[in-house]
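Here's the structure, in structure tokens; my notes come after.
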Amino acid sequence: MGIADSDGSNSHKNIAGSLRDRLWRCFVLLPYTFLIIFFPGPGVAGQWDPLVDKLASDGFKKQWLEALFDRPAVSFDPAVMTVKMKTLYKTKFGNAAVRKLQQRLAVLGYKPGKADGKAGPKTRRAIRWFQAANGLPVDGRFTEELLQMALKERKRAPRHVRIPPSKAGPLVYRTIMTGERLAEARQFLSANRRLLLRFERNYGVPGEIAVGILTVETRLGTYLGDKSAFLTLASMALCDDFSCVAGAFKDEHLTKRKRRWLSRRTAQKARWAYGELKALLTYAQQTHRDPLSIPGSFYGAIGIAQFMPSQALRHGVDGNGDGVVDLFVLDDALFSMGNYLMRNGWRGSMRSRRKQRRAIYNYNHSRIYVNTVMAVSDYLEEGRTVFKWDETGK
């Protein structure tokens, strides 16, 4: 079937020739097939070998590592390192889309300041001015839609347009400051009052602040991450060369200086991830957990209070006295959090909000994070629900 020859003899010749070709290809390719099956090269099958060898040289049993990395679920994923490097790059060099908006607003006369790709105070004021002049909601935020509108705009900035002042209070995560999430926090506080009082006696940290941290970090332990911390950190540790993520920067028109910076930072992040991977494997052995079963955040933080594995080893506390520091147990997670805060700025029962904020900032280097934790704490302590925000952070 499938042969459209009018002459039957030609049909038989074609079939015979096809069979000879197939046999010849099988004969030629058989040795290579044998080599691929029995001696896999440095492709997918052997891609973890450098990491396994390095971990073995640092004291982990090679047989255990080989069995671990040979499991079907262990696959290399460059996405985490790609997202990390894109974030670092934008922080360092600015966002190309924001830079384009700044350039356009400058042409139109809105005075956005330096076109550096970073939405600073001058740029936010220029955006508010542009929004007010075009009858848009005035919030000072960059969006792709705003950029497209500015690119199409031909009129110069009007001189006598009232620019509404920013009405933003402390920026918070809007998804946290909802009636549902705050009700969950209040219920959690009530259900764990005794444990939280014991926590406060040991570390001086108000239970309301602890609940605020847990609310932001893991929704009070109900969301621990949807990724394997092991796979996240192993993939980042293996991705130690910029070529691993270079595809994500093909539209950035990289200069030599930027490429050198990216190469250096990629290698630094890979070394950081390798250290965290070692800590995670040690933590897994200490808690008798399968490394692959430990859920984590996008960058590998673990447990109810979201510790990086190295911090878990350094600051972890056995809160329930069972002889194991398990950050997926509430007592241990809370006491580990208190220990971390105490070692990073919290001093007894301090009541200075400035000092409290500084200690919480050391837990997570984000001002929006600190604002949200304090807002949840204020709500729990005084029942106040009047908060303002003008942008989402989570």
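In the structure tokens, each chain is lettered A, B, ... as it comes, each chain's residues begin at 1, and ligands are numbered from 1 in order of appearance.
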So that I can check the secondary structure, give me every residue of segment 200-337 of chain A assigned strand (DSSP E or B) by backbone DSSP, as a PyMOL selection string. chain A and resi 227-228+295-296+302+307
If we count only C-alpha atoms, what is near Ala119 of chain A at a cut-off of 9 Å, once residues fewer than 6 positions away on the same chain are taken out, given as a CSV table (one decimal) with N, CA and C atoms, in the first residue's frame?
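Result file follows (selection09.csv):
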chain,number,residue,atom,x,y,z
A,94,GLY,N,17.7,48.8,35.3
A,94,GLY,CA,16.4,49.4,34.9
A,94,GLY,C,15.6,48.5,34.0
A,95,ASN,N,14.3,48.8,33.9
A,95,ASN,CA,13.4,48.1,33.0
A,95,ASN,C,13.3,48.8,31.6
A,98,VAL,N,10.0,50.7,31.0
A,98,VAL,CA,9.9,51.9,31.8
A,98,VAL,C,10.8,53.0,31.2
A,99,ARG,N,12.0,52.6,30.7
A,99,ARG,CA,12.9,53.5,30.1
A,99,ARG,C,12.3,54.1,28.8
A,102,GLN,N,9.8,56.7,29.9
A,102,GLN,CA,10.5,57.9,30.4
A,102,GLN,C,10.9,58.8,29.2
A,112,PRO,N,10.0,63.5,33.3
A,112,PRO,CA,10.1,62.3,34.2
A,112,PRO,C,11.5,62.0,34.8
A,141,ARG,N,1.4,54.7,38.5
A,141,ARG,CA,2.0,53.4,38.2
A,141,ARG,C,2.2,53.2,36.7
A,142,PHE,N,3.3,52.5,36.4
A,142,PHE,CA,3.6,52.1,35.1
A,142,PHE,C,2.8,50.9,34.7
Mind dumping a table of every segment 338-387 of chain A residue within 12 Å of segment 296-311 of chain A, with the nearest atom pair and its distance in Å to one decimal, using only C-alpha atoms, sorted by chain and rising number, as a Markdown table?
| residue | atom | partner | partner_atom | distance |
| --- | --- | --- | --- | --- |
| A:Gly338 | CA | A:Ala305 | CA | 10.3 |
| A:Asn339 | CA | A:Gln311 | CA | 10.7 |
| A:Tyr340 | CA | A:Gln311 | CA | 8.3 |
| A:Leu341 | CA | A:Gln311 | CA | 11.7 |
| A:Arg343 | CA | A:Gln311 | CA | 11.5 |
| A:Asn344 | CA | A:Gln311 | CA | 11.9 |
| A:Tyr363 | CA | A:Phe307 | CA | 9.3 |
| A:Asn364 | CA | A:Gln306 | CA | 10.1 |
Write out the residues from the selection above, keeping N, CA and C atoms, as a PDB file, in the first residue's frame.
ATOM      1  N   GLY A 338      11.403  33.442  66.318  1.00  0.00           N
ATOM      2  CA  GLY A 338      11.782  34.291  67.438  1.00  0.00           C
ATOM      3  C   GLY A 338      13.287  34.343  67.638  1.00  0.00           C
ATOM      4  N   ASN A 339      13.946  33.206  67.482  1.00  0.00           N
ATOM      5  CA  ASN A 339      15.396  33.149  67.622  1.00  0.00           C
ATOM      6  C   ASN A 339      16.079  33.978  66.545  1.00  0.00           C
ATOM      7  N   TYR A 340      15.565  33.889  65.310  1.00  0.00           N
ATOM      8  CA  TYR A 340      16.135  34.678  64.219  1.00  0.00           C
ATOM      9  C   TYR A 340      15.982  36.169  64.483  1.00  0.00           C
ATOM     10  N   LEU A 341      14.778  36.590  64.881  1.00  0.00           N
ATOM     11  CA  LEU A 341      14.535  38.014  65.134  1.00  0.00           C
ATOM     12  C   LEU A 341      15.411  38.526  66.276  1.00  0.00           C
ATOM     13  N   ARG A 343      18.299  37.463  67.189  1.00  0.00           N
ATOM     14  CA  ARG A 343      19.691  37.563  66.759  1.00  0.00           C
ATOM     15  C   ARG A 343      19.903  38.615  65.678  1.00  0.00           C
ATOM     16  N   ASN A 344      18.807  39.180  65.189  1.00  0.00           N
ATOM     17  CA  ASN A 344      18.918  40.160  64.116  1.00  0.00           C
ATOM     18  C   ASN A 344      18.174  41.453  64.437  1.00  0.00           C
ATOM     19  N   TYR A 363      14.296  40.271  58.558  1.00  0.00           N
ATOM     20  CA  TYR A 363      13.683  38.970  58.258  1.00  0.00           C
ATOM     21  C   TYR A 363      13.378  38.866  56.761  1.00  0.00           C
ATOM     22  N   ASN A 364      12.955  39.984  56.177  1.00  0.00           N
ATOM     23  CA  ASN A 364      12.678  40.021  54.743  1.00  0.00           C
ATOM     24  C   ASN A 364      12.917  41.448  54.264  1.00  0.00           C
TER      25      ASN A 364
END
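Closest approach to Leu197 of chain A among A:Leu220, A:Leu334, A:Leu65, A:Ala56 is made by A:Leu334 (distances from only C-alpha atoms).
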Using only C-alpha atoms, which residue out of A:Leu238, A:Ala96, A:Leu147, A:Leu101 lies closest to Asp49 of chain A?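 Result for the nearest residue to Asp49 of chain A: A:Leu238.
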Can you check which residues of segment 72-306 of chain A DSSP gives as alpha helix (DSSP H) on the backbone and send them as a PyMOL selection string? chain A and resi 79-93+96-108+121-133+144-152+179-191+193-203+207-218+229-238+256-286
Dump as a compact mmCIF listing (two decimals), in the first residue's frame, selection limited to C-alpha atoms:
# COMPACT_ATOMS: atom_id res chain seq x y z
CA ALA A 79 13.54 28.94 34.90
CA VAL A 80 14.34 29.90 38.50
CA MET A 81 17.80 31.22 37.66
CA THR A 82 16.36 32.98 34.61
CA VAL A 83 13.74 34.83 36.69
CA LYS A 84 16.32 35.67 39.36
CA MET A 85 18.79 37.12 36.89
CA LYS A 86 16.10 39.09 35.07
CA THR A 87 15.03 40.58 38.40
CA LEU A 88 18.59 41.45 39.39
CA TYR A 89 19.28 42.90 35.94
CA LYS A 90 16.23 45.19 36.08
CA THR A 91 17.15 46.31 39.59
CA LYS A 92 20.66 47.15 38.43
CA PHE A 93 20.05 48.53 34.94
CA ALA A 96 13.53 48.66 29.21
CA ALA A 97 9.79 49.35 28.99
CA VAL A 98 9.94 51.92 31.81
CA ARG A 99 12.92 53.55 30.09
CA LYS A 100 10.94 53.80 26.86
CA LEU A 101 8.06 55.45 28.74
CA GLN A 102 10.46 57.91 30.38
CA GLN A 103 11.92 58.84 27.01
CA ARG A 104 8.47 59.36 25.51
CA LEU A 105 7.19 61.41 28.46
CA ALA A 106 10.30 63.59 28.22
CA VAL A 107 9.60 64.26 24.52
CA LEU A 108 6.03 65.21 25.43
CA PRO A 121 9.56 59.90 42.37
CA LYS A 122 10.03 62.13 39.28
CA THR A 123 8.82 59.40 36.95
CA ARG A 124 5.79 58.61 39.13
CA ARG A 125 4.89 62.34 39.21
CA ALA A 126 5.22 62.55 35.42
CA ILE A 127 2.96 59.53 35.06
CA ARG A 128 0.36 61.12 37.36
CA TRP A 129 0.57 64.31 35.28
CA PHE A 130 0.07 62.34 32.05
CA GLN A 131 -2.82 60.37 33.57
CA ALA A 132 -4.53 63.55 34.81
CA ALA A 133 -4.12 65.24 31.43
CA GLU A 144 2.17 48.46 29.31
CA GLU A 145 -1.17 50.05 28.36
CA LEU A 146 0.08 53.41 29.61
CA LEU A 147 3.26 53.02 27.56
CA GLN A 148 1.28 52.31 24.39
CA MET A 149 -0.93 55.32 25.02
CA ALA A 150 2.10 57.58 25.53
CA LEU A 151 3.71 56.31 22.32
CA LYS A 152 0.58 57.31 20.38
CA GLY A 179 -11.42 40.78 55.29
CA GLU A 180 -10.93 37.06 54.69
CA ARG A 181 -7.19 37.03 55.37
CA LEU A 182 -7.48 39.25 58.43
CA ALA A 183 -10.25 37.05 59.82
CA GLU A 184 -7.97 34.03 59.36
CA ALA A 185 -5.23 35.83 61.30
CA ARG A 186 -7.58 36.69 64.16
CA GLN A 187 -8.85 33.11 64.36
CA PHE A 188 -5.28 31.77 64.34
CA LEU A 189 -4.29 34.16 67.12
CA SER A 190 -7.18 32.98 69.26
CA ALA A 191 -6.62 29.27 68.57
CA ARG A 193 -2.97 31.97 72.26
CA ARG A 194 -1.19 29.74 74.78
CA LEU A 195 1.66 28.86 72.38
CA LEU A 196 2.04 32.50 71.35
CA LEU A 197 2.25 33.63 74.98
CA ARG A 198 5.04 31.12 75.57
CA PHE A 199 6.74 32.37 72.41
CA GLU A 200 6.50 35.99 73.60
CA ARG A 201 7.92 35.16 77.04
CA ASN A 202 10.94 33.53 75.40
CA TYR A 203 11.74 36.15 72.77
CA GLY A 207 2.29 37.30 69.21
CA GLU A 208 0.46 39.67 66.88
CA ILE A 209 3.69 40.39 64.98
CA ALA A 210 4.49 36.69 64.76
CA VAL A 211 1.03 36.05 63.31
CA GLY A 212 1.58 38.94 60.89
CA ILE A 213 4.77 37.31 59.62
CA LEU A 214 3.15 33.90 59.23
CA THR A 215 0.15 35.48 57.49
CA VAL A 216 2.38 37.08 54.87
CA GLU A 217 4.83 34.20 54.51
CA THR A 218 2.63 31.11 54.18
CA ALA A 229 13.09 23.13 47.27
CA PHE A 230 15.64 20.49 46.29
CA LEU A 231 14.94 20.79 42.55
CA THR A 232 14.92 24.59 42.75
CA LEU A 233 18.28 24.84 44.49
CA ALA A 234 19.91 22.02 42.51
CA SER A 235 18.90 23.63 39.20
CA MET A 236 20.23 27.02 40.31
CA ALA A 237 23.47 25.48 41.55
CA LEU A 238 24.00 23.70 38.23
CA LYS A 256 30.27 44.08 27.23
CA ARG A 257 29.95 45.66 30.67
CA LYS A 258 26.44 44.29 31.16
CA ARG A 259 27.40 40.85 29.90
CA ARG A 260 30.35 40.71 32.30
CA TRP A 261 28.07 41.76 35.15
CA LEU A 262 25.53 39.09 34.25
CA SER A 263 28.22 36.41 34.02
CA ARG A 264 29.62 37.37 37.41
CA ARG A 265 26.21 37.54 39.10
CA THR A 266 25.05 34.24 37.58
CA ALA A 267 28.13 32.50 38.99
CA GLN A 268 27.59 34.18 42.38
CA LYS A 269 23.95 33.08 42.54
CA ALA A 270 24.91 29.54 41.58
CA ARG A 271 27.45 29.44 44.42
CA TRP A 272 24.80 30.76 46.83
CA ALA A 273 22.33 28.10 45.65
CA TYR A 274 24.97 25.38 46.08
CA GLY A 275 25.49 26.41 49.72
CA GLU A 276 21.73 26.35 50.30
CA LEU A 277 21.47 22.96 48.58
CA LYS A 278 24.08 21.53 50.95
CA ALA A 279 22.16 22.96 53.89
CA LEU A 280 18.91 21.50 52.59
CA LEU A 281 20.42 18.02 52.26
CA THR A 282 21.79 18.28 55.80
CA TYR A 283 18.39 19.46 57.08
CA ALA A 284 16.68 16.55 55.30
CA GLN A 285 19.05 14.06 56.94
CA GLN A 286 18.58 15.61 60.38
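You will find atom CA of Ala157 of chain A at 9.3 Å from atom CA of Lys111 of chain A.
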Counting only C-alpha atoms, what is within 8 Å of Ser293 of chain A, bar same-chain residues fewer than 3 positions away, as a list of chain:residue names?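 Near neighbours after the sequence-gap exclusion: A:Ser228, A:Arg289, A:Asp290.
Candidate residues A:Asn134, A:Arg219, A:Lys114, A:Arg174 were compared for distance to Pro158 of chain A, and the nearest is A:Asn134, using only C-alpha atoms.
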